[in-house]
Each structure stands twice: as C-alpha cells, then as structure tokens.
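**Student:** Data file run.tsv (TSV, C-alpha atoms and all ligand atoms) is appended below.
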```
chain	number	residue	atom	x	y	z
Z	400	MET	CA	76.05	174.86	233.66
Z	401	SER	CA	75.77	174.08	237.33
Z	402	PHE	CA	75.21	170.98	239.42
Z	403	LYS	CA	75.68	170.08	243.05
Z	404	ILE	CA	78.65	167.87	243.80
Z	405	ASN	CA	77.61	167.72	247.45
Z	406	GLU	CA	75.97	169.99	250.05
Z	407	ASN	CA	78.95	172.34	250.05
Z	408	VAL	CA	80.36	172.26	246.55
Z	409	THR	CA	78.59	173.26	243.34
Z	410	TYR	CA	80.04	172.96	239.85
Z	411	VAL	CA	79.70	176.28	238.01
Z	412	GLY	CA	82.06	175.75	235.06
Z	413	LYS	CA	81.59	175.46	231.30
Z	414	ILE	CA	81.72	172.45	229.00
Z	415	ASP	CA	83.27	173.49	225.67
Z	416	TRP	CA	82.09	170.86	223.21
Z	417	GLU	CA	83.45	172.71	220.17
Z	418	LEU	CA	87.09	173.25	221.11
Z	419	ARG	CA	89.47	171.48	218.72
Z	420	LYS	CA	92.70	173.42	219.39
Z	421	PHE	CA	94.12	174.68	222.67
Z	422	HIS	CA	97.11	176.92	223.42
Z	423	GLY	CA	96.43	178.71	220.14
Z	424	GLU	CA	96.90	176.01	217.49
Z	425	GLU	CA	99.43	174.05	219.55
Z	426	LEU	CA	97.38	171.28	221.16
Z	427	SER	CA	94.58	169.26	219.57
Z	428	THR	CA	91.47	168.64	221.64
Z	429	HIS	CA	89.52	166.08	219.61
Z	430	LYS	CA	86.92	165.69	222.33
Z	431	GLY	CA	86.52	169.30	223.42
Z	432	THR	CA	87.22	170.26	227.00
Z	433	SER	CA	85.68	171.87	230.05
Z	434	TYR	CA	86.76	174.79	232.21
Z	435	ASN	CA	85.83	173.70	235.70
Z	436	SER	CA	84.90	176.23	238.35
Z	437	TYR	CA	83.65	175.34	241.80
Z	438	LEU	CA	81.60	177.28	244.34
Z	439	VAL	CA	82.40	176.20	247.89
Z	440	ARG	CA	80.03	177.14	250.69
Z	441	GLY	CA	81.14	176.92	254.31
Z	442	SER	CA	78.95	177.75	257.30
Z	443	GLU	CA	80.22	181.33	257.30
Z	444	LYS	CA	82.04	182.07	254.08
Z	445	THR	CA	81.80	181.21	250.41
Z	446	ALA	CA	84.70	180.82	247.99
Z	447	LEU	CA	84.80	180.48	244.21
Z	448	ILE	CA	87.63	178.31	242.87
Z	449	ASP	CA	88.81	179.33	239.38
Z	450	THR	CA	86.69	180.65	236.51
Z	451	VAL	CA	86.52	179.87	232.76
Z	452	TRP	CA	88.15	180.86	229.46
Z	453	LYS	CA	87.52	184.44	228.37
Z	454	PRO	CA	85.08	183.75	225.46
Z	455	PHE	CA	82.71	182.27	228.03
Z	456	ALA	CA	83.15	185.00	230.69
Z	457	GLU	CA	79.77	186.65	230.17
Z	458	GLU	CA	77.92	183.33	230.10
Z	459	PHE	CA	79.82	182.21	233.20
Z	460	VAL	CA	78.94	185.28	235.26
Z	461	SER	CA	75.35	185.19	234.08
Z	462	ASN	CA	75.00	181.54	235.13
Z	463	LEU	CA	76.80	182.18	238.40
Z	464	LYS	CA	74.22	184.86	239.25
Z	465	LYS	CA	71.51	182.19	238.98
Z	466	GLU	CA	73.39	180.11	241.53
Z	467	ILE	CA	74.33	182.81	244.04
Z	468	ASP	CA	74.01	186.54	244.67
Z	469	LEU	CA	77.53	187.54	243.59
Z	470	LYS	CA	77.84	189.75	246.70
Z	471	GLU	CA	77.75	186.55	248.77
Z	472	ILE	CA	81.06	185.40	247.26
Z	473	ASP	CA	83.57	186.26	249.97
Z	474	TYR	CA	86.72	184.93	248.32
Z	475	ILE	CA	87.98	184.01	244.89
Z	476	VAL	CA	90.73	181.40	244.61
Z	477	ALA	CA	92.81	181.54	241.43
Z	478	ASN	CA	94.78	178.29	241.45
Z	479	HIS	CA	96.51	179.23	238.17
Z	480	GLY	CA	96.78	182.37	236.06
Z	481	GLU	CA	96.44	180.86	232.57
Z	482	VAL	CA	93.53	182.40	230.67
Z	483	ASP	CA	91.45	179.24	230.43
Z	484	HIS	CA	90.90	179.53	234.20
Z	485	SER	CA	91.34	183.23	234.90
Z	486	GLY	CA	89.53	184.48	231.77
Z	487	ALA	CA	86.34	185.50	233.56
Z	488	LEU	CA	88.02	187.31	236.46
Z	489	SER	CA	87.72	190.73	234.81
Z	490	GLU	CA	84.01	190.25	234.11
Z	491	LEU	CA	83.40	188.93	237.61
Z	492	LEU	CA	85.44	191.51	239.47
Z	493	ARG	CA	83.67	194.31	237.62
Z	494	GLU	CA	80.54	193.09	239.43
Z	495	ILE	CA	82.16	192.50	242.81
Z	496	PRO	CA	85.21	194.80	242.91
Z	497	GLY	CA	87.53	194.40	245.85
Z	498	THR	CA	86.72	190.73	246.44
Z	499	PRO	CA	89.98	189.16	247.62
Z	500	VAL	CA	91.75	186.93	245.10
Z	501	TYR	CA	93.76	184.16	246.80
Z	502	CYS	CA	96.59	182.91	244.62
Z	503	SER	CA	100.30	182.09	244.70
Z	504	LYS	CA	102.84	184.91	244.72
Z	505	ALA	CA	103.77	183.99	241.13
Z	506	ALA	CA	100.10	184.22	240.11
Z	507	VAL	CA	99.98	187.83	241.27
Z	508	LYS	CA	102.64	188.48	238.63
Z	509	SER	CA	101.01	186.36	235.91
Z	510	LEU	CA	97.53	187.81	236.52
Z	511	ARG	CA	98.83	191.38	236.62
Z	512	GLY	CA	100.91	190.69	233.51
Z	513	GLN	CA	97.92	189.44	231.56
Z	514	TYR	CA	95.06	191.64	232.79
Z	515	HIS	CA	96.91	194.77	233.96
Z	516	GLN	CA	94.55	195.17	236.91
Z	517	ASP	CA	95.40	195.84	240.51
Z	518	TRP	CA	92.93	193.39	242.02
Z	519	ASN	CA	92.81	192.71	245.77
Z	520	PHE	CA	95.43	189.97	245.64
Z	521	LYS	CA	96.07	187.82	248.72
Z	522	PRO	CA	99.20	185.81	247.97
Z	523	VAL	CA	99.35	182.48	249.78
Z	524	LYS	CA	101.95	179.75	250.21
Z	525	THR	CA	101.91	176.04	251.02
Z	526	GLY	CA	100.16	175.38	254.32
Z	527	ASP	CA	98.19	178.64	254.42
Z	528	LYS	CA	94.51	178.19	255.17
Z	529	LEU	CA	91.32	180.01	254.32
Z	530	ASN	CA	88.60	179.62	256.93
Z	531	LEU	CA	85.07	179.16	255.60
Z	532	GLY	CA	83.54	178.51	259.06
Z	533	ASP	CA	82.94	174.80	259.51
Z	534	ARG	CA	85.60	173.87	256.92
Z	535	GLU	CA	88.66	175.39	255.39
Z	536	LEU	CA	90.70	175.48	252.23
Z	537	ILE	CA	94.37	174.52	252.58
Z	538	PHE	CA	96.73	175.78	249.86
Z	539	VAL	CA	99.60	173.78	248.35
Z	540	GLU	CA	101.88	175.53	245.86
Z	541	ALA	CA	102.58	173.38	242.79
Z	542	LYS	CA	105.29	175.38	241.08
Z	543	MET	CA	105.85	174.38	237.41
Z	544	LEU	CA	102.88	171.99	237.36
Z	545	HIS	CA	102.71	173.41	234.85
Z	546	TRP	CA	103.31	177.16	235.35
Z	547	PRO	CA	105.32	178.85	238.10
Z	548	ASP	CA	102.01	180.09	239.54
Z	549	SER	CA	100.19	176.74	239.71
Z	550	MET	CA	98.61	175.83	243.01
Z	551	PHE	CA	96.37	173.13	244.47
Z	552	CYS	CA	93.86	173.60	247.27
Z	553	TYR	CA	92.21	171.07	249.55
Z	554	LEU	CA	88.80	171.36	251.19
Z	555	THR	CA	88.66	169.86	254.67
Z	556	GLU	CA	85.58	167.99	255.92
Z	557	ASN	CA	84.57	167.19	252.31
Z	558	ASN	CA	88.12	165.92	251.66
Z	559	ILE	CA	88.30	167.26	248.12
Z	560	LEU	CA	91.50	168.10	246.27
Z	561	PHE	CA	91.28	170.87	243.67
Z	562	PRO	CA	94.55	170.41	241.72
Z	563	ASN	CA	93.73	172.71	238.80
Z	564	ASP	CA	95.36	171.38	235.59
Z	565	ALA	CA	96.91	168.31	237.24
Z	566	PHE	CA	94.89	165.11	236.75
Z	567	GLY	CA	92.75	166.88	234.13
Z	568	GLN	CA	91.81	165.89	230.60
Z	569	HIS	CA	90.57	167.75	227.56
Z	570	TYR	CA	87.40	165.73	227.51
Z	571	ALA	CA	83.89	167.16	227.23
Z	572	SER	CA	81.26	164.92	228.78
Z	573	GLU	CA	77.87	165.67	230.23
Z	574	HIS	CA	78.48	162.88	232.75
Z	575	MET	CA	81.28	164.75	234.53
Z	576	TYR	CA	82.29	161.83	236.81
Z	577	ASN	CA	84.95	159.23	236.12
Z	578	ASP	CA	82.71	156.26	236.90
Z	579	LEU	CA	80.11	157.34	234.32
Z	580	VAL	CA	82.28	157.76	231.23
Z	581	ASP	CA	83.96	155.40	228.79
Z	582	GLN	CA	87.19	154.36	230.52
Z	583	ASP	CA	89.22	154.00	227.31
Z	584	GLU	CA	88.25	157.50	226.20
Z	585	LEU	CA	88.97	158.92	229.63
Z	586	TYR	CA	92.42	157.37	229.94
Z	587	HIS	CA	93.27	158.17	226.32
Z	588	GLU	CA	92.60	161.85	227.02
Z	589	ALA	CA	94.32	161.73	230.42
Z	590	ILE	CA	97.55	160.25	229.04
Z	591	LYS	CA	97.48	162.59	226.02
Z	592	TYR	CA	97.16	165.51	228.45
Z	593	TYR	CA	100.06	164.23	230.54
Z	594	ALA	CA	102.26	163.42	227.52
Z	595	ASN	CA	101.77	166.78	225.84
Z	596	ILE	CA	101.65	169.12	228.83
Z	597	LEU	CA	103.27	167.55	231.88
Z	598	THR	CA	106.08	165.36	230.51
Z	599	PRO	CA	108.79	168.04	230.93
Z	600	PHE	CA	107.87	168.38	234.62
Z	601	SER	CA	107.79	164.68	235.50
Z	602	LYS	CA	110.38	164.93	238.28
Z	603	LEU	CA	108.31	167.69	239.89
Z	604	VAL	CA	105.14	165.62	239.48
Z	605	THR	CA	106.69	162.77	241.47
Z	606	ALA	CA	107.97	165.12	244.18
Z	607	LYS	CA	104.66	166.98	244.48
Z	608	ILE	CA	102.62	163.80	244.73
Z	609	LYS	CA	104.96	162.49	247.45
Z	610	GLU	CA	104.66	165.81	249.30
Z	611	VAL	CA	100.85	165.80	249.15
Z	612	VAL	CA	100.68	162.12	250.16
Z	613	SER	CA	102.94	162.88	253.15
Z	614	LEU	CA	100.35	165.34	254.44
Z	615	GLU	CA	98.12	162.28	255.02
Z	616	LEU	CA	94.98	164.12	254.00
Z	617	PRO	CA	92.08	161.84	253.13
Z	618	VAL	CA	91.03	162.32	249.50
Z	619	GLU	CA	87.44	161.45	248.68
Z	620	MET	CA	87.32	163.33	245.41
Z	621	ILE	CA	89.67	165.06	242.98
Z	622	CYS	CA	88.15	168.00	241.12
Z	623	PRO	CA	90.52	169.14	238.36
Z	624	SER	CA	90.04	172.21	236.20
Z	625	HIS	CA	89.50	170.27	232.95
Z	626	GLY	CA	87.38	167.24	232.18
Z	627	ILE	CA	85.69	164.85	234.54
Z	628	ILE	CA	85.81	164.67	238.32
Z	629	TRP	CA	87.51	161.68	239.91
Z	630	ARG	CA	85.09	160.40	242.58
Z	631	ASP	CA	85.34	156.61	242.14
Z	632	ASP	CA	88.70	155.51	243.54
Z	633	PRO	CA	90.10	159.02	242.98
Z	634	LEU	CA	93.66	157.99	243.77
Z	635	GLN	CA	93.73	155.82	240.64
Z	636	ILE	CA	94.76	158.87	238.61
Z	637	VAL	CA	97.39	159.82	241.21
Z	638	ASN	CA	98.87	156.33	240.90
Z	639	LYS	CA	98.78	156.61	237.11
Z	640	TYR	CA	100.65	159.93	237.32
Z	641	MET	CA	103.32	158.24	239.45
Z	642	GLU	CA	103.74	155.63	236.67
Z	643	TRP	CA	103.70	158.20	233.86
Z	644	ALA	CA	106.19	160.44	235.64
Z	645	ASP	CA	108.70	157.60	236.02
Z	646	ALA	CA	110.13	157.35	232.45
Z	647	TYR	CA	106.94	155.63	231.36
Z	648	GLN	CA	107.00	153.22	228.45
Z	649	GLU	CA	104.99	150.38	227.03
Z	650	ASN	CA	106.33	147.67	224.74
Z	651	GLN	CA	105.96	149.91	221.70
Z	652	VAL	CA	108.05	151.57	219.01
Z	653	THR	CA	106.80	154.45	216.90
Z	654	ILE	CA	108.07	155.16	213.39
Z	655	ILE	CA	107.62	158.82	212.51
Z	656	TYR	CA	108.45	159.88	208.97
Z	657	ASP	CA	107.64	162.26	206.17
Z	658	THR	CA	108.10	161.55	202.50
Z	659	MET	CA	108.06	163.39	199.17
Z	660	TRP	CA	107.98	160.65	196.51
Z	661	ASP	CA	107.34	157.60	198.72
Z	662	GLY	CA	110.97	156.50	199.13
Z	663	THR	CA	111.13	157.26	202.83
Z	664	ARG	CA	107.63	155.77	203.28
Z	665	LYS	CA	108.77	152.51	201.64
Z	666	ALA	CA	111.78	152.51	203.94
Z	667	ALA	CA	109.54	153.11	206.98
Z	668	GLU	CA	107.40	150.12	206.08
Z	669	ALA	CA	110.42	147.90	205.43
Z	670	ILE	CA	111.89	148.94	208.79
Z	671	ALA	CA	108.56	148.09	210.44
Z	672	LYS	CA	108.70	144.58	208.93
Z	673	GLY	CA	112.25	144.19	210.13
Z	674	ILE	CA	111.34	145.28	213.66
Z	675	LYS	CA	108.53	142.73	213.70
Z	676	HIS	CA	111.01	140.07	212.63
Z	677	GLY	CA	113.59	141.09	215.23
Z	678	ASN	CA	111.11	141.61	218.06
Z	679	PRO	CA	107.76	139.90	217.39
Z	680	GLU	CA	106.26	141.02	220.71
Z	681	ILE	CA	106.61	144.77	220.26
Z	682	THR	CA	103.75	147.00	219.07
Z	683	ILE	CA	104.79	149.04	216.02
Z	684	LYS	CA	103.02	152.23	215.01
Z	685	LEU	CA	103.73	154.29	211.89
Z	686	TYR	CA	102.86	157.95	211.44
Z	687	ASN	CA	103.40	160.19	208.46
Z	688	ALA	CA	104.06	163.34	210.47
Z	689	ALA	CA	102.76	165.63	207.74
Z	690	ARG	CA	99.41	163.84	207.67
Z	691	SER	CA	98.96	163.13	211.36
Z	692	ASP	CA	98.10	165.12	214.45
Z	693	ILE	CA	101.35	166.01	216.17
Z	694	ASN	CA	99.83	165.66	219.65
Z	695	ASP	CA	98.64	162.14	218.86
Z	696	ILE	CA	102.18	161.33	217.70
Z	697	VAL	CA	103.53	162.79	220.96
Z	698	THR	CA	101.16	160.55	222.94
Z	699	GLU	CA	102.32	157.46	221.04
Z	700	SER	CA	105.94	158.57	221.45
Z	701	PHE	CA	105.41	158.95	225.19
Z	702	LYS	CA	104.20	155.33	225.32
Z	703	SER	CA	107.16	154.04	223.27
Z	704	ARG	CA	110.51	152.53	224.16
Z	705	GLY	CA	111.99	154.03	221.05
Z	706	LEU	CA	111.35	156.28	218.07
Z	707	VAL	CA	112.51	155.71	214.51
Z	708	VAL	CA	112.50	159.05	212.72
Z	709	GLY	CA	112.77	159.47	208.96
Z	710	SER	CA	112.94	162.27	206.45
Z	711	PRO	CA	114.32	162.65	202.97
Z	712	THR	CA	116.86	165.40	202.45
Z	713	ILE	CA	115.58	168.72	201.14
Z	714	ASN	CA	117.73	171.82	200.70
Z	715	LYS	CA	120.45	170.18	202.83
Z	716	GLY	CA	117.89	169.78	205.63
Z	717	ILE	CA	114.82	167.81	206.68
Z	718	LEU	CA	111.12	168.16	205.93
Z	719	HIS	CA	109.33	170.66	208.13
Z	720	SER	CA	106.91	168.19	209.74
Z	721	ILE	CA	109.87	166.21	211.10
Z	722	ALA	CA	111.66	169.39	212.19
Z	723	SER	CA	108.49	170.44	213.99
Z	724	PHE	CA	108.12	167.07	215.72
Z	725	MET	CA	111.78	166.99	216.80
Z	726	GLU	CA	111.51	170.52	218.23
Z	727	THR	CA	108.46	169.41	220.21
Z	728	ALA	CA	110.21	166.23	221.38
Z	729	LYS	CA	113.21	168.24	222.57
Z	730	GLY	CA	110.98	170.49	224.69
Z	731	LEU	CA	109.17	167.51	226.20
Z	732	ASN	CA	112.45	166.02	227.45
Z	733	PHE	CA	111.37	162.36	227.26
Z	734	GLN	CA	113.32	160.11	229.62
Z	735	ASP	CA	114.96	156.76	228.94
Z	736	LYS	CA	114.01	156.33	225.28
Z	737	LYS	CA	116.04	155.14	222.36
Z	738	GLY	CA	116.01	156.57	218.85
Z	739	CYS	CA	117.42	156.24	215.37
Z	740	ALA	CA	117.15	157.87	211.96
Z	741	PHE	CA	116.60	157.02	208.33
Z	742	GLY	CA	115.84	158.76	205.06
Z	743	CYS	CA	116.25	158.86	201.29
Z	744	TYR	CA	118.32	161.33	199.32
Z	745	GLY	CA	119.25	162.10	195.73
Z	746	TRP	CA	122.53	163.98	196.05
Z	747	SER	CA	123.73	165.73	199.23
Z	748	GLY	CA	121.92	163.51	201.82
Z	749	GLU	CA	122.25	165.37	205.12
Z	750	SER	CA	118.88	164.39	206.64
Z	751	VAL	CA	119.91	161.29	208.59
Z	752	LYS	CA	122.86	162.97	210.26
Z	753	LEU	CA	120.67	165.96	211.13
Z	754	ILE	CA	117.96	163.77	212.66
Z	755	ASN	CA	120.56	161.88	214.69
Z	756	THR	CA	121.84	165.20	216.04
Z	757	LEU	CA	118.30	166.28	216.91
Z	758	LEU	CA	117.58	162.93	218.60
Z	759	ASP	CA	120.76	163.26	220.62
Z	760	GLU	CA	119.92	166.85	221.63
Z	761	ALA	CA	116.43	165.70	222.66
Z	762	GLY	CA	117.94	163.13	225.03
Z	763	PHE	CA	117.42	159.92	223.05
Z	764	GLU	CA	120.01	157.16	223.23
Z	765	LEU	CA	121.02	156.43	219.63
Z	766	ILE	CA	120.54	152.82	218.57
Z	767	ASN	CA	122.77	153.28	215.53
Z	768	GLU	CA	125.18	156.21	215.19
Z	769	GLN	CA	125.13	156.06	211.37
Z	770	GLY	CA	121.43	155.68	210.74
Z	771	LEU	CA	120.10	154.41	207.43
Z	772	ARG	CA	120.66	156.51	204.30
Z	773	MET	CA	119.18	155.39	201.01
Z	774	LEU	CA	120.16	156.84	197.64
Z	775	TRP	CA	117.14	157.67	195.45
Z	776	ASN	CA	114.07	155.46	195.72
Z	777	PRO	CA	114.81	152.17	197.54
Z	778	ASP	CA	115.37	149.20	195.25
Z	779	GLU	CA	115.18	145.59	196.39
Z	780	GLU	CA	118.62	145.76	197.93
Z	781	ALA	CA	117.81	148.96	199.81
Z	782	VAL	CA	114.52	147.50	201.05
Z	783	ALA	CA	116.46	144.50	202.36
Z	784	ALA	CA	118.87	146.88	204.09
Z	785	ALA	CA	115.93	148.71	205.68
Z	786	ASN	CA	114.53	145.39	206.83
Z	787	ALA	CA	117.88	144.48	208.38
Z	788	TYR	CA	118.02	147.91	210.06
Z	789	GLY	CA	114.55	147.23	211.46
Z	790	GLN	CA	115.71	143.88	212.86
Z	791	GLU	CA	118.61	145.64	214.60
Z	792	ILE	CA	116.16	148.18	216.07
Z	793	GLY	CA	113.77	145.46	217.17
Z	794	LYS	CA	116.54	143.62	218.99
Z	795	ALA	CA	117.84	146.83	220.60
Z	796	LEU	CA	114.36	147.55	221.96
Z	797	ALA	CA	113.91	144.04	223.31
Z	798	ASN	CA	116.47	144.61	226.03
R	1	LIG	FE1	94.23	174.73	231.98
R	1	LIG	FE2	97.41	175.74	232.42
R	1	LIG	O1	95.63	175.93	232.04
```
Represent the structure contained in this file as structure tokens.

**Tutor:**
Amino acid sequence: MSFKINENVTYVGKIDWELRKFHGEELSTHKGTSYNSYLVRGSEKTALIDTVWKPFAEEFVSNLKKEIDLKEIDYIVANHGEVDHSGALSELLREIPGTPVYCSKAAVKSLRGQYHQDWNFKPVKTGDKLNLGDRELIFVEAKMLHWPDSMFCYLTENNILFPNDAFGQHYASEHMYNDLVDQDELYHEAIKYYANILTPFSKLVTAKIKEVVSLELPVEMICPSHGIIWRDDPLQIVNKYMEWADAYQENQVTIIYDTMWDGTRKAAEAIAKGIKHGNPEITIKLYNAARSDINDIVTESFKSRGLVVGSPTINKGILHSIASFMETAKGLNFQDKKGCAFGCYGWSGESVKLINTLLDEAGFELINEQGLRMLWNPDEEAVAAANAYGQEIGKALAN
C-alpha cells in the first residue's frame, strides 16, 4: 500500500487486518495493526524510514519497487530493531546491498543479533543529522521506549516526528489519519497500547517528552510505526501520554477473579455490591481472568484506582489465570494503585495470603492486610461479609 502524505513523504507500509496476537501470543490485537514505513524525498537524497514485519517482506519490497527504483534509496533509517519494523531489511538489502542503515548504537547490536548480517550500519546519537538536500532528518535516541535501541527522527521543513512505536496503536484502518477514524476506537487502542507496552517505562516517557518539547521543534504531524497518523492537533496524543505516564487513574475499580465452583465468583459479585454501597460514584468492572483477554484486563487495571483480586485455593496455591495476571501486573509496575485479595477455600486456604504477597511485590498498597477468606461456598453470612469487605474497599478508594 502506498499513498502520499505530502510532496516529500510517501507511506509505503502494510496494513495487517488479520493480526489478532502480537509478540507471539502475548498481546491481543482485536483490530489488527499496521507496520508503517515512510519514504522521504529531499531535493538531493532519499531515505526510507523503517520497514515491515517479516511475513510481509516480499510484498513490501515488491510494492516499494512500484514507488521508487530501489537504487534511488540513499539511506535506510531503522528507528527500532524489533522484527515488526526491521523484518524486511534482509529482503531489501539483498536488492540494494551496502545501502547505509542509520540506527542507534544499540540497534546495531539488536539487528546483528537477530539477522546475523554485517550491514553498512551508521550508528547515530541524539542531535545527529542526515542531510537530504533541502531538508534533514534529526535523530533523537529514545532508549527503553520501549527497547534500548528505540529512536525517534524528525523531518525539518515538513515538521514531522517519526517516533516509531511511541504514540502508536494496533489499529488497522484504511483511513490512516486520526481525524478520519472513530475517536473512541482510536483512543481505546492507544490507551491499550500504552497500558500493555509502555507502562513500565512511564518515567522515561515523561522525561523524553520534556526533552523533545525543549527542542522547540514545530510538530505538524506525528507518524508512528503502528496505526493511524496524527495530523489533526498532533500534540493531543503527546498530552495524553503525559497524563498516562503520571500514575494515571480514573474513578474505577476492577475486580479480577477466577473460580472453580462459583464460590469466588459469588464473593466477587457481593464485593462489587459492597463497593457500590460504600462508594456510589466509582465505576466497577468485573473480569473472570480465565474467560477474559488478559490485555483488556491490563487496560482496565491501568485505568483503575485499585484492583480486587480473587482466587480459590488449589494445591496450596492460586489458579493459573490469576498467577498469570499477577506476573503481568508485576512486570508493568503500575504506580499509585491500591489492591486487596479474596478467595474461597475448602481446607488449607493459602490463596488470599499468596495474592496479598503478589500484590505487595507488584507495588500495590494493600487496602486490607488480611484479605477476605471464605470457607467452602459462601453462605448468607459469608456473602454479607463480602459485601462489608466491598464497602471497606469502596471507602478506601474514595480518598
Ligand atoms: Fe512495533 Fe517494538 O515494535
């Protein structure tokens, strides 16, 4: 696919309508994605920014040939080494061997480590420039946003920021511009992307945005490497990132549980009623972790003030869907959130204590050090206790 963004920049990427899982099976992509690649023509030189995921390498190079004689590509810029952007480099560089590849020093390592090729690497650092004649590309390293090799580049005269993964979304749309798509869909995918990929690096996000803003470069467009291009009020997504990076939360609590014979589910619902009673304003969402998409749960967790996590005890432990969620939550390093635990048991009953430990290790402030343990299936008295526990949670999250 190709289309002109302006006189100098042509989109030459690939919309992947079919993709439903990314990073192996780790990240759901309900609305597909795109791998954005941009051809930038200056008065004297032409640069290609990023490529596409490997399964589309042949198609990408074939389409690129319709847009330009490959020999006219003077420079390749690899803003990031991950395969969804570097996957067509082998195919492309077989056609135009020796073409310089501009990337961060760390990307030389990541690209060599993945492709085992000694391409003509030109490592660059923040402030380095690539002259295209009447305009230039300025490089800005963006270490750990989200890999050590990540880099942004900025095209002068057209005033376009190419931030690679940052400000992207896994969102396939033939419209390709932010002002043409459904805003709810766009922001749902943008916050899901942030919550699941960038949350651990929030402090770096804030620092990098401040650094780029301090350069006082005008930004007329932001062209990320996934999803739509921000051309209408492009800084809106930068401002959103500043909010999301600052221990973001809405007035929401998410109850995440798994259940074997419905006891822990009944408790979850009784806790939800109690929260509503204790804090009528708060939005309450319930997810059975075994039956829900973990990345959707992460997104709702990211938006929450607190999480209430429940599992019955099994084999002196917790159910695997809750273990999986807690491992994910620990890695994401959410900031300034509260948490508490609950669960049913028949005899040994370790689950609540274990969940509390996992919440603590993941950085949550515990609302109740004991949690709520319920022997066998909750009877009326136990349901009332769960309701009272919910009221305590609701009040704790009102502050
Ligand atoms: Fe879209 Fe980090 O790759």

**Student:** For a quick check of your reading of the model, name the residues lying within 9 Å of the coordinate (85.9, 181.6, 225.2), counting only C-alpha atoms, and write them as a PDB file with C-alpha atoms, in the coordinates of the input.

**Tutor:**
```
ATOM      1  CA  ASP Z 415      83.270 173.490 225.670  1.00  0.00           C
ATOM      2  CA  VAL Z 451      86.520 179.870 232.760  1.00  0.00           C
ATOM      3  CA  TRP Z 452      88.150 180.860 229.460  1.00  0.00           C
ATOM      4  CA  LYS Z 453      87.520 184.440 228.370  1.00  0.00           C
ATOM      5  CA  PRO Z 454      85.080 183.750 225.460  1.00  0.00           C
ATOM      6  CA  PHE Z 455      82.710 182.270 228.030  1.00  0.00           C
ATOM      7  CA  ALA Z 456      83.150 185.000 230.690  1.00  0.00           C
ATOM      8  CA  ASP Z 483      91.450 179.240 230.430  1.00  0.00           C
ATOM      9  CA  GLY Z 486      89.530 184.480 231.770  1.00  0.00           C
TER      10      GLY Z 486
END
```

**Student:** Smallest atom-to-atom distance to Z:Lys672: which of Z:Asn407, Z:Gln790, Z:Ser509, Z:Ser710, using all atoms listed in the file?

**Tutor:**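 Among Z:Asn407, Z:Gln790, Z:Ser509, Z:Ser710, it is Z:Gln790 that comes nearest to Z:Lys672.
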
**Student:** Given only C-alpha atoms and all ligand atoms as the basis, pick out the residue of Z:Gln568, Z:Ser691, Z:Ser703, Z:Thr445 nearest to ligand LIG 1 (chain R).

**Tutor:**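 Of Z:Gln568, Z:Ser691, Z:Ser703, Z:Thr445, the one nearest ligand LIG 1 (chain R) is Z:Gln568, counting only C-alpha atoms and all ligand atoms.
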
**Student:** Taking 3 positions as the minimum chain separation for residues in the same chain, which residues sit within 8 Å of Z:Ser401 when counting only C-alpha atoms? Answer as number ranges by chain.

**Tutor:** Z: 409-412, 462, 466

**Student:** Determine, for each residue of chain Z having at least one atom at most 8 Å from an atom of ligand LIG 1 (chain R), the closest pair of atoms and their separation in Å to one decimal, counting all atoms listed in the file; order by chain and ascending number, as CSV.

**Tutor:**
```
residue,atom,partner,partner_atom,distance
Z:Tyr434,CA,R:LIG1,FE1,7.5
Z:His479,CA,R:LIG1,FE2,6.8
Z:Gly480,CA,R:LIG1,FE2,7.6
Z:Glu481,CA,R:LIG1,O1,5.0
Z:Val482,CA,R:LIG1,O1,6.9
Z:Asp483,CA,R:LIG1,FE1,5.5
Z:His484,CA,R:LIG1,FE1,6.2
Z:His545,CA,R:LIG1,FE2,6.3
Z:Trp546,CA,R:LIG1,FE2,6.7
Z:Ser549,CA,R:LIG1,FE2,7.9
Z:Asn563,CA,R:LIG1,FE1,7.1
Z:Asp564,CA,R:LIG1,FE1,5.1
Z:Ser624,CA,R:LIG1,FE1,6.5
Z:His625,CA,R:LIG1,FE1,6.6
```

**Student:** Determine the nearest neighbour of Z:Gly738 from the options Z:Leu765, Z:Met725, Z:Ile627, Z:Val637, counting only C-alpha atoms.

**Tutor:**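 Of Z:Leu765, Z:Met725, Z:Ile627, Z:Val637, the one nearest Z:Gly738, counting only C-alpha atoms, is Z:Leu765.
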
**Student:** Extending 5 Å beyond the listed atoms of stretch 525-530 of chain Z on each side, what axis-aligned box results? I want centre and edge lengths in Å to one decimal, as AutoDock Vina command-line options.

**Tutor:**
```
--center_x 95.3 --center_y 177.7 --center_z 254.0 --size_x 23.3 --size_y 14.6 --size_z 15.9
```

**Student:** Between atom CA of Z:Tyr647 and atom CA of Z:Tyr592, what distance in Å does the model show, to one decimal?

**Tutor:** 14.2 Å

**Student:** Please indicate the distance in Å from atom CA of Z:Gly742 to atom CA of Z:Glu726, rounded to one decimal place.

**Tutor:** 18.2 Å

**Student:** Per residue of stretch 613-731 of chain Z within 7 Å of stretch 599-609 of chain Z, which atom pair is closest and at what distance in Å (one decimal), using only C-alpha atoms, listed by chain and increasing number, as a tab-separated table?

**Tutor:**
```
residue	atom	partner	partner_atom	distance
Z:Ser613	CA	Z:Lys609	CA	6.1
Z:Met641	CA	Z:Thr605	CA	6.0
Z:Ala644	CA	Z:Ser601	CA	4.5
Z:Leu731	CA	Z:Pro599	CA	4.8
```

**Student:** Counting only C-alpha atoms, what is within 9 Å of Z:Lys470, bar same-chain residues fewer than 5 positions away, as a VMD selection string?

**Tutor:** chain Z and resid 494 to 495 498

**Student:** How many Å lie between atom CA of Z:Ile537 and atom CA of Z:Phe551, rounded to one decimal?

**Tutor:**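 Computing it gives 8.5 Å between the two atoms.
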
**Student:** Choose the residue, out of Z:Asp578, Z:Glu791, Z:Glu668, Z:Asp631, that has the smallest atom-to-atom separation from Z:Gly770; count only C-alpha atoms.

**Tutor:**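 So, comparing all the options, the nearest one is Z:Glu791.
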
**Student:** Nearest residue to Z:Ser427 out of Z:Cys743, Z:Leu706, Z:Asp695, Z:Ile766, using all atoms listed in the file?

**Tutor:**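 Ranking Z:Cys743, Z:Leu706, Z:Asp695, Z:Ile766 by distance to Z:Ser427, first place goes to Z:Asp695.
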
**Student:** Reconstruct stretch 717-724 of chain Z at the level of N, CA and C atoms, and format the result as a compact mmCIF listing (two decimals), in the frame of the given file.

**Tutor:**
```txt
# COMPACT_ATOMS: atom_id res chain seq x y z
N ILE Z 717 115.87 168.83 206.53
CA ILE Z 717 114.82 167.81 206.68
C ILE Z 717 113.46 168.45 206.43
N LEU Z 718 112.46 167.62 206.19
CA LEU Z 718 111.12 168.16 205.93
C LEU Z 718 110.57 168.81 207.20
N HIS Z 719 109.72 169.83 206.98
CA HIS Z 719 109.33 170.66 208.13
C HIS Z 719 108.49 169.92 209.16
N SER Z 720 107.73 168.91 208.74
CA SER Z 720 106.91 168.19 209.74
C SER Z 720 107.81 167.44 210.72
N ILE Z 721 108.95 166.93 210.21
CA ILE Z 721 109.87 166.21 211.10
C ILE Z 721 110.64 167.20 211.97
N ALA Z 722 110.99 168.35 211.39
CA ALA Z 722 111.66 169.39 212.19
C ALA Z 722 110.74 169.83 213.32
N SER Z 723 109.47 170.00 212.99
CA SER Z 723 108.49 170.44 213.99
C SER Z 723 108.35 169.38 215.10
N PHE Z 724 108.25 168.12 214.71
CA PHE Z 724 108.12 167.07 215.72
C PHE Z 724 109.36 167.02 216.62
```
